[in-house]
Amino acid sequence: MNDTAATLTQVAAHAGVSLATASRALNGSARKVNPELQARVLASAAALGYSANVQAQAVARGTTNTVAVVVGDIADPYFSSIASGIIRVADERGLIVTITATEADAAREGATLVAVKGQRPRAVIVAGSRRLGAADGDAAAELAAIERGGAKVALIGAAVPGLRSVPVQNREGAAALATALTERGYTDFVVLAGPDDLLTARERTTGFLDVAPGARVVHGAFSRDGGYETMDALLASGELTAAQPNGQAGTTGRVCVFAVTDVMAVGAMAAMRDRGIAPGADIAVAGFDDIPLVRDVTPSLTTVALPLASIGARALELALADDQDATLAEPVAGTVIVRASTP
């Protein structure tokens, strides 16, 4: 038995065609091959056990059959839920998904996009939280360069001129949440806002302040540990106290902590428990995203639900759309879901 892999030259000789014809037949070149010759080449490839060279296919077509997904943190259920929607559509289209996490590091994101461009993906989906300032401008320029190289790009979040985007109504969702909490009697709010230069965090914070302008805003890391550390520091400083028996927190009224992501809210709840404070009963907590986990934590978390898997699917469908004018998907709205964490 010959363990040596068959070569393209051997396939061409077996089929009785030129090397160029065999390459075009197997690697998907834009130049079409006579159907009879195509069939002969494919039959020879099967008979010899030939495996196509993915890199050769990329050269022939200008792209590979991969979709590159760039997220902030794959361990965060927000991003993994979005990725699940992208993977579903990719499977339907016969595409393979690769995922890279940037850990919300602007420099790492830039390097990732440079590497992605060299892989010649069919499409690039960026789901990481974009930053304000020059770093975000650099990323936008790199994404534009990727598009000029033949890949289709789609962003999730705020729109970028010239690039396809699936906008999310973060500001409106946070405003609706603040309204619902106010109607439930909460009058004293603390916002765990994440980094000030992250667009998603800023949009959600701004929306909440539109309705509750007196809320205290505290910045920290955009993660579960960031929520824990920020909450723990607030409790240690005495700036935030649990509700008194009459339902009041100090003299300011019923207090509620709004974390701009569910994972930050989960971290904040853990910090409360470690200090002997009962989330929901002593201090109310709300989040944003409705990741699957928060329905099962105790108490279940009040939040703004986003159709995360649907957002991912919509982004890839938009990127692959033939319509060159399809640059902006319908904005995705959130839905306020009130649960036991805000009694």
# chains A, B, ... in the order shown; residues from 1 in each chain; ligands from 1

$ residues_around --residues "Ile82 of chain A" --least-positions-apart "2" --cutoff "9 Å" --atoms "only C-alpha atoms" --output "list in words"
Pro77, Tyr78, Phe79, Ser80, Ser84, Gly85, Ile86, Ile87, Ala127, Pro307, Leu308, Ala309, Ser310, Ile311, Gly312 and Ala313 of chain A

$ write_last_selection --atoms "all heavy atoms" --output "short mmCIF file (atom, residue, chain, number, x, y, z; two decimals), in the first residue's frame"
data_model
loop_
_atom_site.label_atom_id
_atom_site.label_comp_id
_atom_site.auth_asym_id
_atom_site.auth_seq_id
_atom_site.Cartn_x
_atom_site.Cartn_y
_atom_site.Cartn_z
N PRO A 77 -20.23 34.35 27.72
CA PRO A 77 -21.37 33.76 27.00
C PRO A 77 -22.00 34.71 25.99
O PRO A 77 -22.67 34.26 25.05
CB PRO A 77 -22.35 33.43 28.14
CG PRO A 77 -21.48 33.25 29.34
CD PRO A 77 -20.37 34.25 29.18
N TYR A 78 -21.84 36.02 26.16
CA TYR A 78 -22.34 36.98 25.17
C TYR A 78 -21.72 36.68 23.81
O TYR A 78 -22.41 36.55 22.80
CB TYR A 78 -22.01 38.40 25.62
CG TYR A 78 -22.25 39.48 24.58
CD1 TYR A 78 -23.50 40.05 24.42
CD2 TYR A 78 -21.21 39.93 23.76
CE1 TYR A 78 -23.73 41.04 23.48
CE2 TYR A 78 -21.43 40.92 22.81
CZ TYR A 78 -22.68 41.47 22.68
OH TYR A 78 -22.90 42.45 21.73
N PHE A 79 -20.39 36.55 23.77
CA PHE A 79 -19.70 36.33 22.51
C PHE A 79 -19.90 34.90 22.01
O PHE A 79 -20.05 34.68 20.80
CB PHE A 79 -18.21 36.63 22.67
CG PHE A 79 -17.92 38.08 22.92
CD1 PHE A 79 -17.39 38.49 24.13
CD2 PHE A 79 -18.19 39.04 21.96
CE1 PHE A 79 -17.13 39.83 24.38
CE2 PHE A 79 -17.93 40.38 22.19
CZ PHE A 79 -17.39 40.78 23.40
N SER A 80 -19.90 33.92 22.91
CA SER A 80 -20.08 32.54 22.45
C SER A 80 -21.48 32.33 21.89
O SER A 80 -21.67 31.54 20.95
CB SER A 80 -19.78 31.56 23.58
OG SER A 80 -20.60 31.81 24.71
N SER A 84 -22.36 31.14 18.08
CA SER A 84 -23.19 29.98 17.74
C SER A 84 -24.10 30.28 16.56
O SER A 84 -24.33 29.41 15.70
CB SER A 84 -24.02 29.55 18.95
OG SER A 84 -25.07 30.48 19.23
N GLY A 85 -24.61 31.51 16.48
CA GLY A 85 -25.44 31.90 15.34
C GLY A 85 -24.63 31.97 14.06
O GLY A 85 -25.10 31.58 12.98
N ILE A 86 -23.40 32.48 14.15
CA ILE A 86 -22.53 32.55 12.98
C ILE A 86 -22.21 31.15 12.48
O ILE A 86 -22.26 30.86 11.26
CB ILE A 86 -21.23 33.30 13.33
CG1 ILE A 86 -21.54 34.75 13.70
CG2 ILE A 86 -20.23 33.25 12.17
CD1 ILE A 86 -20.34 35.51 14.25
N ILE A 87 -21.90 30.24 13.40
CA ILE A 87 -21.56 28.86 13.03
C ILE A 87 -22.73 28.17 12.35
O ILE A 87 -22.55 27.42 11.38
CB ILE A 87 -21.10 28.09 14.28
CG1 ILE A 87 -19.75 28.63 14.76
CG2 ILE A 87 -21.01 26.59 13.99
CD1 ILE A 87 -19.31 28.12 16.11
N ALA A 127 -17.16 41.04 16.41
CA ALA A 127 -18.16 41.17 17.47
C ALA A 127 -17.56 41.74 18.74
O ALA A 127 -18.22 41.80 19.77
CB ALA A 127 -18.78 39.81 17.77
N PRO A 307 -31.33 38.95 21.22
CA PRO A 307 -31.31 37.66 20.51
C PRO A 307 -29.91 37.38 19.98
O PRO A 307 -29.63 37.53 18.78
CB PRO A 307 -32.33 37.87 19.39
CG PRO A 307 -32.23 39.34 19.08
CD PRO A 307 -31.95 40.01 20.41
N LEU A 308 -29.01 36.96 20.87
CA LEU A 308 -27.59 36.93 20.54
C LEU A 308 -27.27 36.01 19.37
O LEU A 308 -26.51 36.38 18.46
CB LEU A 308 -26.79 36.54 21.78
CG LEU A 308 -26.92 37.51 22.97
CD1 LEU A 308 -26.23 36.95 24.20
CD2 LEU A 308 -26.34 38.87 22.60
N ALA A 309 -27.79 34.78 19.38
CA ALA A 309 -27.51 33.87 18.27
C ALA A 309 -28.05 34.42 16.96
O ALA A 309 -27.40 34.32 15.91
CB ALA A 309 -28.10 32.49 18.56
N SER A 310 -29.22 35.04 17.03
CA SER A 310 -29.81 35.65 15.83
C SER A 310 -28.96 36.80 15.31
O SER A 310 -28.83 37.00 14.10
CB SER A 310 -31.23 36.14 16.15
OG SER A 310 -31.78 36.81 15.03
N ILE A 311 -28.37 37.57 16.22
CA ILE A 311 -27.49 38.66 15.81
C ILE A 311 -26.29 38.11 15.03
O ILE A 311 -25.89 38.65 13.99
CB ILE A 311 -27.02 39.46 17.04
CG1 ILE A 311 -28.19 40.27 17.62
CG2 ILE A 311 -25.86 40.39 16.69
CD1 ILE A 311 -27.87 40.93 18.95
N GLY A 312 -25.68 37.03 15.55
CA GLY A 312 -24.56 36.42 14.85
C GLY A 312 -24.95 35.92 13.48
O GLY A 312 -24.23 36.14 12.49
N ALA A 313 -26.09 35.22 13.41
CA ALA A 313 -26.56 34.72 12.12
C ALA A 313 -26.81 35.85 11.14
O ALA A 313 -26.44 35.78 9.96
CB ALA A 313 -27.85 33.90 12.33
#

$ residues_around --residues "Asp225 of chain A" --least-positions-apart "2" --cutoff "10 Å" --atoms "only C-alpha atoms" --output "NGL selection string"
:A and (220-223 or 227-231 or 263-268 or 270-271)

$ write_last_selection --atoms "all heavy atoms" --output "short mmCIF file (atom, residue, chain, number, x, y, z; two decimals), in the first residue's frame"
data_model
loop_
_atom_site.label_atom_id
_atom_site.label_comp_id
_atom_site.auth_asym_id
_atom_site.auth_seq_id
_atom_site.Cartn_x
_atom_site.Cartn_y
_atom_site.Cartn_z
N GLY A 220 -14.94 50.10 35.57
CA GLY A 220 -14.11 48.95 35.92
C GLY A 220 -13.93 48.07 34.71
O GLY A 220 -14.35 48.42 33.60
N ALA A 221 -13.33 46.92 34.89
CA ALA A 221 -13.10 46.01 33.77
C ALA A 221 -14.41 45.44 33.25
O ALA A 221 -15.37 45.23 33.99
CB ALA A 221 -12.16 44.88 34.19
N PHE A 222 -14.45 45.16 31.94
CA PHE A 222 -15.64 44.71 31.23
C PHE A 222 -15.71 43.18 31.31
O PHE A 222 -15.64 42.48 30.29
CB PHE A 222 -15.54 45.18 29.78
CG PHE A 222 -16.84 45.28 29.03
CD1 PHE A 222 -17.86 46.08 29.49
CD2 PHE A 222 -17.01 44.60 27.83
CE1 PHE A 222 -19.04 46.20 28.76
CE2 PHE A 222 -18.18 44.71 27.11
CZ PHE A 222 -19.20 45.51 27.57
N SER A 223 -15.84 42.64 32.54
CA SER A 223 -15.76 41.20 32.73
C SER A 223 -16.42 40.82 34.05
O SER A 223 -16.79 41.69 34.85
CB SER A 223 -14.29 40.75 32.76
OG SER A 223 -13.62 41.31 33.88
N GLY A 227 -16.75 43.19 37.41
CA GLY A 227 -17.95 43.44 38.19
C GLY A 227 -17.74 43.14 39.66
O GLY A 227 -18.19 43.90 40.53
N TYR A 228 -17.04 42.04 39.95
CA TYR A 228 -16.77 41.66 41.34
C TYR A 228 -15.92 42.72 42.02
O TYR A 228 -16.24 43.20 43.12
CB TYR A 228 -16.06 40.31 41.38
CG TYR A 228 -15.80 39.82 42.79
CD1 TYR A 228 -16.63 38.87 43.37
CD2 TYR A 228 -14.73 40.31 43.55
CE1 TYR A 228 -16.41 38.42 44.67
CE2 TYR A 228 -14.51 39.88 44.85
CZ TYR A 228 -15.34 38.94 45.41
OH TYR A 228 -15.13 38.51 46.70
N GLU A 229 -14.81 43.10 41.38
CA GLU A 229 -13.86 44.02 42.01
C GLU A 229 -14.47 45.41 42.21
O GLU A 229 -14.26 46.04 43.26
CB GLU A 229 -12.60 44.11 41.15
CG GLU A 229 -11.79 42.81 41.16
CD GLU A 229 -10.78 42.74 40.03
OE1 GLU A 229 -10.65 43.74 39.28
OE2 GLU A 229 -10.12 41.70 39.89
N THR A 230 -15.23 45.88 41.24
CA THR A 230 -15.85 47.19 41.37
C THR A 230 -16.88 47.20 42.47
O THR A 230 -16.96 48.12 43.30
CB THR A 230 -16.50 47.61 40.04
OG1 THR A 230 -15.52 47.54 38.99
CG2 THR A 230 -17.02 49.04 40.12
N MET A 231 -17.69 46.14 42.53
CA MET A 231 -18.72 46.05 43.56
C MET A 231 -18.09 45.91 44.94
O MET A 231 -18.52 46.55 45.91
CB MET A 231 -19.61 44.84 43.27
CG MET A 231 -20.84 44.75 44.15
SD MET A 231 -22.05 45.99 43.71
CE MET A 231 -22.70 46.37 45.33
N VAL A 263 -22.43 39.42 32.71
CA VAL A 263 -21.29 38.79 33.40
C VAL A 263 -20.76 39.71 34.50
O VAL A 263 -20.33 39.24 35.56
CB VAL A 263 -20.17 38.38 32.43
CG1 VAL A 263 -20.63 37.25 31.54
CG2 VAL A 263 -19.68 39.55 31.61
N MET A 264 -20.79 41.03 34.29
CA MET A 264 -20.40 41.96 35.35
C MET A 264 -21.40 41.88 36.50
O MET A 264 -21.02 41.94 37.68
CB MET A 264 -20.32 43.38 34.80
CG MET A 264 -19.17 43.62 33.84
SD MET A 264 -19.15 45.32 33.22
CE MET A 264 -18.72 46.23 34.71
N ALA A 265 -22.69 41.74 36.16
CA ALA A 265 -23.72 41.63 37.20
C ALA A 265 -23.52 40.38 38.04
O ALA A 265 -23.66 40.40 39.27
CB ALA A 265 -25.11 41.62 36.56
N VAL A 266 -23.16 39.27 37.40
CA VAL A 266 -22.90 38.03 38.13
C VAL A 266 -21.72 38.22 39.08
O VAL A 266 -21.74 37.77 40.24
CB VAL A 266 -22.64 36.87 37.15
CG1 VAL A 266 -22.12 35.64 37.88
CG2 VAL A 266 -23.93 36.53 36.39
N GLY A 267 -20.68 38.90 38.63
CA GLY A 267 -19.54 39.19 39.50
C GLY A 267 -19.93 40.07 40.67
O GLY A 267 -19.49 39.85 41.81
N ALA A 268 -20.77 41.07 40.40
CA ALA A 268 -21.23 41.96 41.47
C ALA A 268 -22.03 41.21 42.52
O ALA A 268 -21.89 41.44 43.73
CB ALA A 268 -22.07 43.09 40.87
N ALA A 270 -21.72 38.07 43.30
CA ALA A 270 -20.78 37.25 44.09
C ALA A 270 -20.08 38.10 45.14
O ALA A 270 -19.88 37.65 46.28
CB ALA A 270 -19.76 36.61 43.16
N ALA A 271 -19.73 39.34 44.80
CA ALA A 271 -19.08 40.23 45.77
C ALA A 271 -20.02 40.55 46.92
O ALA A 271 -19.60 40.62 48.09
CB ALA A 271 -18.63 41.51 45.06
#

$ select_by_dssp --residues "segment 114-314 of chain A" --states "alpha helix (DSSP H)" --output "VMD selection string"
chain A and resid 114 to 118 134 to 148 170 to 183 199 to 211 224 to 237 262 to 274 308 to 314

$ closest_residue --among "A:Val126, A:Ala319, A:Ala175, A:Leu8" --to "Ala158 of chain A" --atoms "only C-alpha atoms"
A:Val126

$ atom_distance --atom1 "atom CA of Val304 of chain A" --atom2 "atom CA of Ala236 of chain A"
28.4 Å

$ select_by_dssp --residues "segment 91-287 of chain A" --states "strand (DSSP E or B)" --output "MDAnalysis selection string"
chainID A and resid 96:101 123:126 131 152:156 164:166 168 188:192 198 216:218 255:259 279 283:286

$ residues_around --residues "Arg202 of chain A" --least-positions-apart "3" --cutoff "12 Å" --atoms "only C-alpha atoms" --output "list in words"
Ser129, Arg130, Arg131, Leu132, Ala158, Asn170, Arg171, Ala174, Val191, Leu192, Ala193, Gly194, Pro195, Asp196, Asp197, Leu198, Leu199, Thr205, Thr206, Gly207, Phe208, Leu209, Val217, Val218, His219, Phe222, Ala259, Val260 and Thr261 of chain A

$ residues_around --residues "segment 67-71 of chain A" --least-positions-apart "3" --cutoff "9 Å" --atoms "only C-alpha atoms" --output "PDB file with C-alpha atoms, in the first residue's frame"
ATOM      1  CA  THR A  64     -10.823  30.420   1.302  1.00  0.00           C
ATOM      2  CA  ILE A  74     -14.733  33.683  23.908  1.00  0.00           C
ATOM      3  CA  PHE A  79     -19.703  36.326  22.512  1.00  0.00           C
ATOM      4  CA  SER A  80     -20.079  32.545  22.451  1.00  0.00           C
ATOM      5  CA  ALA A  83     -20.636  32.812  17.602  1.00  0.00           C
ATOM      6  CA  ILE A  86     -22.528  32.547  12.980  1.00  0.00           C
ATOM      7  CA  ILE A  87     -21.558  28.863  13.028  1.00  0.00           C
ATOM      8  CA  ALA A  90     -21.688  28.924   8.104  1.00  0.00           C
ATOM      9  CA  LEU A  95     -18.107  27.301   5.379  1.00  0.00           C
ATOM     10  CA  ILE A  96     -15.680  26.770   8.260  1.00  0.00           C
ATOM     11  CA  VAL A  97     -15.482  29.206  11.190  1.00  0.00           C
ATOM     12  CA  THR A  98     -12.308  30.299  12.952  1.00  0.00           C
ATOM     13  CA  ILE A  99     -12.571  32.349  16.155  1.00  0.00           C
ATOM     14  CA  THR A 100     -10.011  34.714  17.653  1.00  0.00           C
ATOM     15  CA  ALA A 101     -10.405  36.606  20.946  1.00  0.00           C
ATOM     16  CA  THR A 102      -8.781  40.010  21.454  1.00  0.00           C
ATOM     17  CA  GLU A 103      -9.441  40.349  25.215  1.00  0.00           C
ATOM     18  CA  ALA A 104     -10.628  43.921  24.445  1.00  0.00           C
ATOM     19  CA  GLU A 109      -7.218  43.540  17.719  1.00  0.00           C
ATOM     20  CA  THR A 112      -5.419  40.012  14.707  1.00  0.00           C
ATOM     21  CA  LEU A 113      -6.969  41.828  11.751  1.00  0.00           C
ATOM     22  CA  VAL A 116      -6.840  37.560   9.349  1.00  0.00           C
ATOM     23  CA  GLN A 119      -5.691  34.063   5.642  1.00  0.00           C
ATOM     24  CA  PRO A 121     -11.260  34.455   4.536  1.00  0.00           C
ATOM     25  CA  ARG A 122     -14.545  34.575   2.677  1.00  0.00           C
ATOM     26  CA  ALA A 123     -15.974  36.804   5.403  1.00  0.00           C
ATOM     27  CA  VAL A 124     -14.884  38.533   8.608  1.00  0.00           C
ATOM     28  CA  ILE A 125     -17.306  39.145  11.484  1.00  0.00           C
ATOM     29  CA  VAL A 126     -16.178  41.490  14.242  1.00  0.00           C
ATOM     30  CA  ALA A 127     -18.157  41.169  17.474  1.00  0.00           C
ATOM     31  CA  GLY A 128     -15.685  42.745  19.885  1.00  0.00           C
ATOM     32  CA  SER A 129     -16.582  45.953  21.725  1.00  0.00           C
ATOM     33  CA  LEU A 316     -22.875  36.509   8.510  1.00  0.00           C
TER      34      LEU A 316
END

$ atom_distance --atom1 "atom CA of Asp290 of chain A" --atom2 "atom CA of Gly185 of chain A"
22.4 Å

$ residues_around --residues "Leu163 of chain A" --least-positions-apart "3" --cutoff "8 Å" --atoms "only C-alpha atoms" --output "PyMOL selection string"
chain A and resi 144+153-155+159-160+327

$ write_last_selection --atoms "C-alpha atoms" --output "CSV table (one decimal), in the first residue's frame"
chain,number,residue,atom,x,y,z
A,144,ALA,CA,-11.6,48.4,4.9
A,153,VAL,CA,-16.8,42.3,6.5
A,154,ALA,CA,-19.7,42.8,8.9
A,155,LEU,CA,-19.6,44.4,12.3
A,159,ALA,CA,-22.2,51.3,12.3
A,160,VAL,CA,-19.0,52.3,10.6
A,327,THR,CA,-24.6,47.9,4.3

$ closest_residue --among "A:Thr187, A:Pro35, A:Gly238, A:Leu301" --to "Gly214 of chain A" --atoms "only C-alpha atoms"
A:Thr187

$ residues_around --residues "Ala180 of chain A" --least-positions-apart "3" --cutoff "12 Å" --atoms "only C-alpha atoms" --output "CSV table (one decimal) with N, CA and C atoms, in the first residue's frame"
chain,number,residue,atom,x,y,z
A,173,GLY,N,-32.2,50.2,24.9
A,173,GLY,CA,-32.4,49.1,25.8
A,173,GLY,C,-32.2,49.5,27.2
A,174,ALA,N,-31.1,50.2,27.5
A,174,ALA,CA,-30.7,50.6,28.8
A,174,ALA,C,-31.7,51.6,29.3
A,175,ALA,N,-32.2,52.5,28.5
A,175,ALA,CA,-33.2,53.5,28.9
A,175,ALA,C,-34.5,52.8,29.3
A,176,ALA,N,-34.9,51.8,28.5
A,176,ALA,CA,-36.1,51.0,28.8
A,176,ALA,C,-36.0,50.3,30.2
A,177,LEU,N,-34.8,49.8,30.4
A,177,LEU,CA,-34.5,49.1,31.7
A,177,LEU,C,-34.6,50.1,32.9
A,183,GLU,N,-40.2,52.5,37.7
A,183,GLU,CA,-41.6,52.2,37.9
A,183,GLU,C,-41.8,51.2,39.0
A,184,ARG,N,-40.8,50.4,39.3
A,184,ARG,CA,-40.9,49.5,40.4
A,184,ARG,C,-40.5,50.1,41.7
A,185,GLY,N,-40.2,51.4,41.7
A,185,GLY,CA,-39.9,52.1,43.0
A,185,GLY,C,-38.5,52.3,43.3
A,186,TYR,N,-37.6,52.0,42.4
A,186,TYR,CA,-36.1,52.2,42.7
A,186,TYR,C,-35.8,53.7,42.3
A,187,THR,N,-35.1,54.3,43.3
A,187,THR,CA,-34.8,55.7,43.1
A,187,THR,C,-33.3,56.0,43.2
A,208,PHE,N,-29.0,54.6,30.2
A,208,PHE,CA,-29.5,54.5,31.6
A,208,PHE,C,-29.6,55.9,32.2
A,211,VAL,N,-32.6,58.3,31.6
A,211,VAL,CA,-33.8,58.2,32.4
A,211,VAL,C,-33.5,58.4,33.9
A,212,ALA,N,-32.3,58.0,34.3
A,212,ALA,CA,-31.9,58.2,35.7
A,212,ALA,C,-30.6,59.0,35.8
A,256,CYS,N,-30.5,50.2,43.5
A,256,CYS,CA,-30.3,49.1,42.5
A,256,CYS,C,-29.0,49.3,41.8
A,286,ALA,N,-29.3,44.5,38.3
A,286,ALA,CA,-29.8,44.3,36.9
A,286,ALA,C,-28.6,44.2,36.0
A,302,THR,N,-32.7,40.3,36.5
A,302,THR,CA,-33.4,41.2,35.7
A,302,THR,C,-32.4,41.8,34.6
A,303,THR,N,-32.8,41.8,33.4
A,303,THR,CA,-31.8,42.2,32.3
A,303,THR,C,-32.5,42.7,31.1
A,304,VAL,N,-31.8,43.1,30.1
A,304,VAL,CA,-32.3,43.4,28.8
A,304,VAL,C,-31.9,42.3,27.8
A,335,THR,N,-35.2,43.6,24.9
A,335,THR,CA,-36.4,43.5,25.6
A,335,THR,C,-36.2,43.4,27.1
A,336,VAL,N,-36.8,44.2,27.9
A,336,VAL,CA,-36.6,44.2,29.3
A,336,VAL,C,-37.3,43.0,29.9
A,337,ILE,N,-36.5,42.2,30.7
A,337,ILE,CA,-37.1,41.1,31.4
A,337,ILE,C,-36.9,41.3,32.9
A,338,VAL,N,-37.9,41.4,33.6
A,338,VAL,CA,-37.8,41.6,35.1
A,338,VAL,C,-37.9,40.3,35.8
A,339,ARG,N,-36.9,40.1,36.6
A,339,ARG,CA,-36.8,38.8,37.4
A,339,ARG,C,-36.6,39.1,38.9
A,342,THR,N,-34.7,42.1,41.1
A,342,THR,CA,-35.2,43.5,41.4
A,342,THR,C,-36.6,43.3,41.9
A,343,PRO,N,-36.8,42.9,43.2
A,343,PRO,CA,-38.1,42.7,43.7
A,343,PRO,C,-38.9,43.9,43.9

$ atom_distance --atom1 "atom CA of Gly49 of chain A" --atom2 "atom CA of His14 of chain A"
12.0 Å

$ residues_around --residues "segment 18-20 of chain A" --least-positions-apart "3" --cutoff "8 Å" --atoms "only C-alpha atoms" --output "PyMOL selection string"
chain A and resi 8-9+12-13+23-24

$ decode --residues "segment 181-200 of chain A" --atoms "N, CA, C and O atoms" --output "mmCIF file, in the first residue's frame"
data_model
loop_
_atom_site.group_PDB
_atom_site.id
_atom_site.type_symbol
_atom_site.label_atom_id
_atom_site.label_comp_id
_atom_site.auth_asym_id
_atom_site.auth_seq_id
_atom_site.Cartn_x
_atom_site.Cartn_y
_atom_site.Cartn_z
ATOM 1 N N LEU A 181 -37.262 49.949 36.046
ATOM 2 C CA LEU A 181 -36.817 49.918 37.442
ATOM 3 C C LEU A 181 -37.386 51.094 38.228
ATOM 4 O O LEU A 181 -37.765 50.951 39.400
ATOM 5 N N THR A 182 -37.453 52.248 37.606
ATOM 6 C CA THR A 182 -38.038 53.420 38.263
ATOM 7 C C THR A 182 -39.506 53.167 38.589
ATOM 8 O O THR A 182 -39.997 53.517 39.674
ATOM 9 N N GLU A 183 -40.206 52.542 37.652
ATOM 10 C CA GLU A 183 -41.617 52.239 37.867
ATOM 11 C C GLU A 183 -41.820 51.228 38.987
ATOM 12 O O GLU A 183 -42.882 51.178 39.611
ATOM 13 N N ARG A 184 -40.794 50.427 39.275
ATOM 14 C CA ARG A 184 -40.868 49.460 40.370
ATOM 15 C C ARG A 184 -40.477 50.071 41.700
ATOM 16 O O ARG A 184 -40.441 49.373 42.728
ATOM 17 N N GLY A 185 -40.169 51.365 41.708
ATOM 18 C CA GLY A 185 -39.922 52.064 42.955
ATOM 19 C C GLY A 185 -38.469 52.333 43.274
ATOM 20 O O GLY A 185 -38.160 52.890 44.325
ATOM 21 N N TYR A 186 -37.562 51.970 42.395
ATOM 22 C CA TYR A 186 -36.136 52.231 42.659
ATOM 23 C C TYR A 186 -35.807 53.679 42.332
ATOM 24 O O TYR A 186 -36.209 54.204 41.285
ATOM 25 N N THR A 187 -35.089 54.297 43.253
ATOM 26 C CA THR A 187 -34.778 55.727 43.098
ATOM 27 C C THR A 187 -33.290 56.034 43.207
ATOM 28 O O THR A 187 -32.864 57.144 42.906
ATOM 29 N N ASP A 188 -32.523 55.060 43.674
ATOM 30 C CA ASP A 188 -31.088 55.281 43.870
ATOM 31 C C ASP A 188 -30.337 54.231 43.050
ATOM 32 O O ASP A 188 -30.458 53.035 43.317
ATOM 33 N N PHE A 189 -29.585 54.680 42.050
ATOM 34 C CA PHE A 189 -28.939 53.747 41.133
ATOM 35 C C PHE A 189 -27.426 53.915 41.135
ATOM 36 O O PHE A 189 -26.903 55.023 41.258
ATOM 37 N N VAL A 190 -26.742 52.783 40.976
ATOM 38 C CA VAL A 190 -25.302 52.758 40.728
ATOM 39 C C VAL A 190 -25.089 51.995 39.428
ATOM 40 O O VAL A 190 -25.637 50.898 39.249
ATOM 41 N N VAL A 191 -24.307 52.567 38.518
ATOM 42 C CA VAL A 191 -24.018 51.921 37.234
ATOM 43 C C VAL A 191 -22.585 51.408 37.247
ATOM 44 O O VAL A 191 -21.637 52.188 37.395
ATOM 45 N N LEU A 192 -22.425 50.086 37.111
ATOM 46 C CA LEU A 192 -21.099 49.502 36.907
ATOM 47 C C LEU A 192 -20.862 49.552 35.405
ATOM 48 O O LEU A 192 -21.360 48.727 34.641
ATOM 49 N N ALA A 193 -20.084 50.562 34.972
ATOM 50 C CA ALA A 193 -20.109 50.987 33.578
ATOM 51 C C ALA A 193 -19.049 50.369 32.682
ATOM 52 O O ALA A 193 -19.069 50.596 31.470
ATOM 53 N N GLY A 194 -18.099 49.620 33.227
ATOM 54 C CA GLY A 194 -17.045 49.126 32.360
ATOM 55 C C GLY A 194 -16.109 50.256 31.959
ATOM 56 O O GLY A 194 -16.251 51.390 32.419
ATOM 57 N N PRO A 195 -15.141 49.994 31.075
ATOM 58 C CA PRO A 195 -14.203 51.030 30.642
ATOM 59 C C PRO A 195 -14.922 52.166 29.908
ATOM 60 O O PRO A 195 -15.833 51.925 29.111
ATOM 61 N N ASP A 196 -14.501 53.382 30.146
ATOM 62 C CA ASP A 196 -15.176 54.551 29.588
ATOM 63 C C ASP A 196 -15.021 54.656 28.074
ATOM 64 O O ASP A 196 -15.826 55.300 27.415
ATOM 65 N N ASP A 197 -13.977 54.017 27.506
ATOM 66 C CA ASP A 197 -13.745 54.169 26.072
ATOM 67 C C ASP A 197 -14.350 53.046 25.232
ATOM 68 O O ASP A 197 -14.183 53.038 24.011
ATOM 69 N N LEU A 198 -15.051 52.091 25.843
ATOM 70 C CA LEU A 198 -15.729 51.054 25.079
ATOM 71 C C LEU A 198 -17.087 51.570 24.615
ATOM 72 O O LEU A 198 -17.901 52.021 25.423
ATOM 73 N N LEU A 199 -17.353 51.485 23.311
ATOM 74 C CA LEU A 199 -18.578 52.056 22.765
ATOM 75 C C LEU A 199 -19.832 51.393 23.331
ATOM 76 O O LEU A 199 -20.787 52.078 23.690
ATOM 77 N N THR A 200 -19.837 50.068 23.412
ATOM 78 C CA THR A 200 -21.013 49.378 23.926
ATOM 79 C C THR A 200 -21.303 49.788 25.361
ATOM 80 O O THR A 200 -22.445 50.097 25.721
#
